[in-house]
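Engineer: Structure in structure tokens, see below.
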2 protein chains.
Amino acid sequence: MLVAVTTGQPRVMTVENGKALPSGPFELGHRSLQSGLRDWVEQQTRHPLGYIEQLYTFADRDRAGDEAQRVISISYLALAREEQAAPADEATWRNWYNYFPWEDHRDGVPPALPGVIVPGLNAWAKAADNTSMRSERQQRTAIAFGLDGHGWNEELVLQRYELLYEAALVEEAHRSRAKDLTLIGPAMAGDHRRILATGIARLRAKIKYRPVVFELMPPVFTLLQLQRSVEALAGRLVHKPNFRRLIEQQELVEETGTMTADMRGRPAKLFRFRHDVLAERAVAGTKLPVSRA
Amino acid sequence: MLVAVTTGQPRVMTVENGKALPSGPFELGHRSLQSGLRDWVEQQTRHPLGYIEQLYTFADRDRAGDEAQRVISISYLALAREEQAAPADEATWRNWYNYFPWEDHRDGVPPALPGVIVPGLNAWAKAADNTSMRSERQQRTAIAFGLDGHGWNEELVLQRYELLYEAALVEEAHRSRAKDLTLIGPAMAGDHRRILATGIARLRAKIKYRPVVFELMPPVFTLLQLQRSVEALAGRLVHKPNFRRLIEQQELVEETGTMTADMRGRPAKLFRFRHDVLAERAVAGTKLPVSRA
DNA sequence: TGGATATATACTCATTTCGAGCATATATGG
DNA sequence: CCATATATGCTCGAAATGAGTATATATCCA
């Protein structure tokens with residue numbers, strides 16, 4: 001799962017007309033899985049890769065049809081700067097909110113939430129066999145989707161996807177697509193959408209305590225651009241003065257001396273990431289003000 | 001990697017006379033890797049498993065000698081209550097600080113740190129080829145081991161182990177064990193000690209925001225016992241009143257109504273974990289006051 | 001030319017959280 | 001009865017956090 005941010009939107013590299021994440025067989029002859037992966041992706045996409053992190057290893061039986069030969073899939077999260085050349089054939093960048101329309105709260109609560117999802121999940125909860133199961137489904141729904149006083153928690157991406165899967169509100173949950181339910185968002189091959197949800201959750205958690213956003217930024221940027229990137233990933237807006245306060249007091253960036261031009265509004269200072277903090281803080285922690293309740 | 005806490009010490013299940021972590025081939029015929037693992041461990045150790053989490057998947061070439069057939073190893077972290085019957089043959093619980101004597105700061109700075117480790121790492125740093133490499137090694141050492149004003153960070157277990165490995169201060173780093181260096185702590189088979197370090201780091205990070213400590217506690221416990229377990233894992237002491245404040249104000253536990261007896265000092269209330277918070281908070285977050293700087 | 005508008009940047013303030021110390025209560029052991 | 005060990009409750013100041021306000025400097029367009 002390869003992520004970038006452009007024009008204020010989080011993008012993910014897809015293949016097969018947006019129906020799958022890039023994947024490939026493991027090549028022998030590399031020192032490690034990571035280096036093998038890096039070579040493979042850079043060759044496929046002509047993008048230099050920044051940060052790479054392992055997501056999860058699957059070997060579940062119901063993934064591939066046949067029993068005898070089980071495939072082990074190791075999923076990765078990688079960050080890149082999109083700017084450069086177009087991706088290789090077949091591969092395209094897609095806004096990840098295409099696949100998770102309920103996850104973008106930057107312009108308020110997405111219409112699909114009160115419109116389709118909440119009613120659908122309520123119906124699913126009511127359809128449970130007994131009372132305790134019903135109330136458990138109700139509670140999980142309320143926590144995951146921030147209903148009755150629970151507040152939206154942007155990190156619960158995977159829990160939300162799994163609820164929708166259990167409630168059969170996403171296409172992947174159906175073997176045969178006969179149902180006349182309103183299904184939410186386009187499906188992807190296999191469990192690729194689940195991997196996507198895992199990666200988004202991981203990234204949303206990580207930007208709060210590791211300086212990984214900078215892997216997604218161009219070499220030089222304004223503080224507002226940085227803020228927009230964080231907001232794109234988190235799917236929610238942050239308080240501008242507080243954002244700047246945190247960035248500056250942690251000395252994550254330094255001024256380049258130059259300013260933006262050709263923009264609406266007052267020109268902004270351009271900053272660059274202080275790469276020396278990687279040594280100090282990659283390890284020791286950072287914080288971004290994506291609120292926590 | 002199977003973890004428990006008894007008599008105030010963090011233990012890990014080992015085999016081969018403490019030289020290896022339990023491991024086994026993947027059995028087909030299970031629904032998923034996790035369920036397969038759970039069955040396997042419960043059968044091997046006769047311990048019911050609580051929490052399970054995937055650690056990391058390796059397939060590095062230098063792990064097994066031969067090239068043609070590469071083994072993929074998926075490591076897991078699992079938590080259990082030790083109380084019950086003795087483990088199966090060959091398997092024994094060991095204090096994990098046997099393998100990482102420099103990680104236990106509950107009684108102050110371990111003597112091995114100023115005695116052997118810091119001098120060893122300094123020598124290694126000085127032996128670097130050029131100035132920038134020297135200062136980089138110095139800085140990594142200072143951050144990881146909390147030297148010159150950096151403060152001890154208990155989560156950097158893996159970084160510390162890797163430094164010691166790079167500096168060839170642990171036995172695993174030597175193919176031939178000819179060197180006359182003072183080597184620190186007993187080695188384990190393959191990269192098992194590295195897996196252990198990864199697991200400890202993960203667990204130390206996790207107890208701060210997820211209620212996983214309770215997986216290691218008996219059904220009923222005092223607040224001090226709970227505190228001692230946290231301290232055992234974290235390798236550092238916590239402030240008692242603040243610890244109690246956090247536990248109580250988050251309503252993680254409830255009184256059983258009974259008290260301890262046969263103890264020195266004033267009898268303490270016994271508590272049990274409120275399992276309902278798993279629904280609310282397993283997902284939404286918790287905090288423990290293991291300090292962060 | 002002069003608002004309207006958009007962005008940049010600086011400062012303030014109340015609330016919450018956190019780390020640390022102090023005080024008191026109730027047991028055991030001699 | 002006193003030393004000691006543990007339990008439990010309270011206070012206080014420093015730091016972090018969330019939210020609001022004010023001012024500066026651009027562009028756009030009537």
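Ordered as shown in the structure tokens, chains take letters A, B, and onward, while each chain numbers its residues from 1 and ligands are numbered from 1 in the order shown.
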With DSSP run on the backbone, what are the helix (DSSP H, G or I) residues within region 184-276 of chain B? I'd like them as an NGL selection string.

Structural biologist: :B and (192-206 or 213-216 or 223-234 or 240-249 or 276)

Engineer: Put those residues in a file: N, CA and C atoms, as a short mmCIF file (atom, residue, chain, number, x, y, z; two decimals), in the first residue's frame.

Structural biologist:
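Dumped everything to again32.cif:
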data_model
loop_
_atom_site.label_atom_id
_atom_site.label_comp_id
_atom_site.auth_asym_id
_atom_site.auth_seq_id
_atom_site.Cartn_x
_atom_site.Cartn_y
_atom_site.Cartn_z
N HIS B 192 16.44 -14.92 18.02
CA HIS B 192 15.40 -14.94 19.05
C HIS B 192 15.53 -13.79 20.05
N ARG B 193 16.76 -13.42 20.32
CA ARG B 193 16.91 -12.34 21.28
C ARG B 193 16.46 -11.01 20.66
N ARG B 194 16.58 -10.91 19.38
CA ARG B 194 16.07 -9.73 18.70
C ARG B 194 14.54 -9.70 18.73
N ILE B 195 13.95 -10.84 18.53
CA ILE B 195 12.49 -10.93 18.62
C ILE B 195 12.04 -10.55 20.03
N LEU B 196 12.76 -11.04 21.00
CA LEU B 196 12.46 -10.71 22.39
C LEU B 196 12.51 -9.20 22.59
N ALA B 197 13.55 -8.59 22.09
CA ALA B 197 13.68 -7.13 22.23
C ALA B 197 12.51 -6.42 21.56
N THR B 198 12.12 -6.89 20.38
CA THR B 198 10.99 -6.30 19.68
C THR B 198 9.72 -6.42 20.51
N GLY B 199 9.52 -7.59 21.09
CA GLY B 199 8.32 -7.82 21.89
C GLY B 199 8.28 -6.98 23.15
N ILE B 200 9.41 -6.86 23.82
CA ILE B 200 9.46 -6.04 25.03
C ILE B 200 9.15 -4.59 24.69
N ALA B 201 9.76 -4.13 23.62
CA ALA B 201 9.51 -2.74 23.21
C ALA B 201 8.03 -2.53 22.91
N ARG B 202 7.45 -3.44 22.18
CA ARG B 202 6.04 -3.32 21.82
C ARG B 202 5.16 -3.29 23.06
N LEU B 203 5.48 -4.19 23.98
CA LEU B 203 4.66 -4.30 25.19
C LEU B 203 4.82 -3.05 26.06
N ARG B 204 6.03 -2.56 26.18
CA ARG B 204 6.24 -1.36 26.99
C ARG B 204 5.50 -0.17 26.40
N ALA B 205 5.43 -0.12 25.08
CA ALA B 205 4.67 0.97 24.48
C ALA B 205 3.18 0.76 24.69
N LYS B 206 2.76 -0.48 24.55
CA LYS B 206 1.33 -0.77 24.54
C LYS B 206 0.65 -0.58 25.88
N VAL B 213 -2.23 -4.90 30.50
CA VAL B 213 -1.63 -5.43 31.73
C VAL B 213 -2.55 -6.44 32.37
N PHE B 214 -3.83 -6.19 32.26
CA PHE B 214 -4.79 -7.03 32.97
C PHE B 214 -4.78 -8.46 32.46
N GLU B 215 -4.30 -8.67 31.26
CA GLU B 215 -4.18 -10.03 30.73
C GLU B 215 -3.14 -10.82 31.52
N LEU B 216 -2.29 -10.11 32.22
CA LEU B 216 -1.20 -10.77 32.95
C LEU B 216 -1.53 -10.92 34.43
N LEU B 223 -4.09 -2.92 44.05
CA LEU B 223 -3.55 -1.89 43.17
C LEU B 223 -2.02 -1.92 43.17
N LEU B 224 -1.44 -2.29 44.30
CA LEU B 224 0.01 -2.35 44.32
C LEU B 224 0.53 -3.48 43.45
N GLN B 225 -0.16 -4.62 43.50
CA GLN B 225 0.26 -5.71 42.63
C GLN B 225 0.19 -5.29 41.16
N LEU B 226 -0.89 -4.60 40.83
CA LEU B 226 -1.03 -4.11 39.46
C LEU B 226 0.13 -3.17 39.11
N GLN B 227 0.42 -2.28 40.05
CA GLN B 227 1.52 -1.35 39.83
C GLN B 227 2.84 -2.09 39.65
N ARG B 228 3.06 -3.11 40.48
CA ARG B 228 4.31 -3.86 40.37
C ARG B 228 4.43 -4.56 39.02
N SER B 229 3.32 -5.00 38.48
CA SER B 229 3.36 -5.64 37.17
C SER B 229 3.75 -4.64 36.09
N VAL B 230 3.14 -3.47 36.17
CA VAL B 230 3.49 -2.43 35.20
C VAL B 230 4.97 -2.09 35.32
N GLU B 231 5.43 -1.96 36.55
CA GLU B 231 6.84 -1.62 36.76
C GLU B 231 7.76 -2.72 36.25
N ALA B 232 7.34 -3.96 36.44
CA ALA B 232 8.15 -5.07 35.96
C ALA B 232 8.32 -5.00 34.45
N LEU B 233 7.23 -4.73 33.76
CA LEU B 233 7.29 -4.65 32.30
C LEU B 233 8.09 -3.44 31.86
N ALA B 234 7.82 -2.31 32.48
CA ALA B 234 8.45 -1.06 32.06
C ALA B 234 9.91 -0.99 32.49
N LYS B 240 3.34 6.13 43.08
CA LYS B 240 2.16 5.39 43.52
C LYS B 240 0.87 6.20 43.51
N PRO B 241 0.81 7.37 44.16
CA PRO B 241 -0.46 8.09 44.16
C PRO B 241 -0.96 8.41 42.74
N ASN B 242 -0.06 8.77 41.86
CA ASN B 242 -0.49 9.09 40.50
C ASN B 242 -0.99 7.85 39.77
N PHE B 243 -0.33 6.74 40.01
CA PHE B 243 -0.78 5.50 39.40
C PHE B 243 -2.21 5.18 39.81
N ARG B 244 -2.46 5.29 41.11
CA ARG B 244 -3.80 4.98 41.60
C ARG B 244 -4.82 5.97 41.04
N ARG B 245 -4.43 7.21 40.99
CA ARG B 245 -5.35 8.21 40.46
C ARG B 245 -5.79 7.84 39.04
N LEU B 246 -4.81 7.52 38.20
CA LEU B 246 -5.16 7.20 36.82
C LEU B 246 -6.03 5.96 36.71
N ILE B 247 -5.67 4.93 37.43
CA ILE B 247 -6.45 3.69 37.36
C ILE B 247 -7.89 3.94 37.79
N GLU B 248 -8.02 4.68 38.89
CA GLU B 248 -9.37 4.85 39.42
C GLU B 248 -10.21 5.82 38.60
N GLN B 249 -9.60 6.89 38.16
CA GLN B 249 -10.44 7.86 37.45
C GLN B 249 -10.85 7.35 36.07
N ASP B 276 -16.10 -4.84 30.99
CA ASP B 276 -16.88 -4.03 30.06
C ASP B 276 -16.06 -2.93 29.41
#

Engineer: Mind checking which residues fall within 12 Å of DC22 (chain C), counting only C-alpha atoms (C1' of nucleotides), ignoring those fewer than 6 positions away in the same chain, and posting them as a PyMOL selection string?

Structural biologist: (chain B and resi 241) or (chain D and resi 9-12)

Engineer: Could you list, with a cut-off of 10 Å and counting only C-alpha atoms (C1' of nucleotides), the residues of chain A near chain D, each shown with its nearest atom pair and the distance in Å rounded to one decimal, rows sorted by chain and ascending number, as a Markdown table?

Structural biologist:
| residue | atom | partner | partner_atom | distance |
| --- | --- | --- | --- | --- |
| A:His239 | CA | D:DA19 | C1' | 8.3 |
| A:Pro241 | CA | D:DA19 | C1' | 9.7 |
| A:Asn242 | CA | D:DG18 | C1' | 8.2 |
| A:Ala261 | CA | D:DA26 | C1' | 9.4 |
| A:Asp262 | CA | D:DT27 | C1' | 8.8 |
| A:Met263 | CA | D:DT27 | C1' | 7.7 |
| A:Arg264 | CA | D:DT27 | C1' | 5.2 |
| A:Gly265 | CA | D:DA26 | C1' | 4.3 |
| A:Arg266 | CA | D:DA26 | C1' | 3.8 |
| A:Pro267 | CA | D:DA26 | C1' | 6.3 |
| A:Ala268 | CA | D:DA26 | C1' | 9.7 |
| A:Pro289 | CA | D:DT17 | C1' | 8.9 |
| A:Ser291 | CA | D:DG18 | C1' | 8.8 |

Engineer: For Glu16 (chain B), please output as a list of chain:residue names all residues within 10 Å (counting only C-alpha atoms (C1' of nucleotides); exclusion window: fewer than 5 positions along the same chain).

Structural biologist: B:Leu21, B:Pro22, B:Asp89, B:Glu90, B:Ala91, B:Thr92, B:Met188, B:Ala189

Engineer: Which residues are near Glu280 (chain A)? Cut-off 12 Å, only C-alpha atoms (C1' of nucleotides), ignore same chain within fewer than 2 positions. Put them as a PyMOL selection string.

Structural biologist: (chain A and resi 210-211+250-252+274-278+282-286) or (chain B and resi 136+138-144+146+150)

Engineer: Convert the current residue selection to file output with N, CA and C atoms, as a CSV table (one decimal), in the first residue's frame.

Structural biologist:
chain,number,residue,atom,x,y,z
A,210,ARG,N,5.2,10.3,15.4
A,210,ARG,CA,6.4,10.2,14.6
A,210,ARG,C,6.4,11.2,13.5
A,211,PRO,N,7.5,11.8,13.1
A,211,PRO,CA,7.5,12.8,12.0
A,211,PRO,C,7.4,12.1,10.7
A,250,GLN,N,8.6,22.4,18.6
A,250,GLN,CA,9.4,21.1,18.6
A,250,GLN,C,10.6,21.2,17.6
A,251,GLU,N,10.6,22.4,16.9
A,251,GLU,CA,11.7,22.6,16.0
A,251,GLU,C,11.8,21.5,14.9
A,252,LEU,N,10.7,21.1,14.4
A,252,LEU,CA,10.7,20.1,13.4
A,252,LEU,C,11.1,20.7,12.0
A,274,ARG,N,13.7,19.6,9.2
A,274,ARG,CA,15.1,19.5,9.8
A,274,ARG,C,15.4,18.0,9.9
A,275,HIS,N,16.2,17.6,8.9
A,275,HIS,CA,16.5,16.1,8.9
A,275,HIS,C,17.3,15.6,10.1
A,276,ASP,N,17.9,16.6,10.8
A,276,ASP,CA,18.7,16.1,12.0
A,276,ASP,C,17.7,15.6,13.1
A,277,VAL,N,16.4,16.1,13.1
A,277,VAL,CA,15.6,15.6,14.1
A,277,VAL,C,15.3,14.1,14.0
A,278,LEU,N,15.5,13.5,12.8
A,278,LEU,CA,15.3,12.1,12.6
A,278,LEU,C,16.2,11.3,13.6
A,282,ALA,N,13.1,10.6,15.7
A,282,ALA,CA,12.5,9.5,14.9
A,282,ALA,C,12.1,8.5,15.9
A,283,VAL,N,12.9,8.4,16.9
A,283,VAL,CA,12.9,7.4,17.9
A,283,VAL,C,12.2,7.9,19.2
A,284,ALA,N,12.4,9.2,19.4
A,284,ALA,CA,12.0,9.6,20.8
A,284,ALA,C,10.7,10.3,20.8
A,285,GLY,N,10.1,10.6,19.6
A,285,GLY,CA,8.7,11.0,19.7
A,285,GLY,C,8.5,12.5,19.3
A,286,THR,N,7.3,12.7,18.8
A,286,THR,CA,6.9,14.0,18.3
A,286,THR,C,5.4,14.1,18.5
B,136,GLU,N,27.9,10.5,14.8
B,136,GLU,CA,26.6,9.8,14.7
B,136,GLU,C,26.4,8.6,15.7
B,138,GLN,N,28.0,8.3,18.5
B,138,GLN,CA,27.9,8.9,19.8
B,138,GLN,C,26.5,9.3,20.1
B,139,GLN,N,25.9,10.0,19.1
B,139,GLN,CA,24.6,10.5,19.3
B,139,GLN,C,23.5,9.4,19.5
B,140,ARG,N,23.6,8.4,18.6
B,140,ARG,CA,22.7,7.2,18.8
B,140,ARG,C,22.8,6.6,20.1
B,141,THR,N,24.1,6.4,20.6
B,141,THR,CA,24.3,5.8,21.9
B,141,THR,C,23.7,6.7,23.0
B,142,ALA,N,23.9,8.0,22.9
B,142,ALA,CA,23.4,8.9,24.0
B,142,ALA,C,21.9,8.8,24.0
B,143,ILE,N,21.3,8.9,22.9
B,143,ILE,CA,19.8,8.8,22.9
B,143,ILE,C,19.3,7.5,23.4
B,144,ALA,N,19.8,6.4,22.9
B,144,ALA,CA,19.3,5.1,23.2
B,144,ALA,C,19.5,4.8,24.7
B,146,GLY,N,20.2,7.0,27.1
B,146,GLY,CA,19.9,8.1,28.1
B,146,GLY,C,21.2,8.8,28.6
B,150,HIS,N,20.0,13.0,28.1
B,150,HIS,CA,18.9,12.6,27.3
B,150,HIS,C,17.8,11.8,28.0
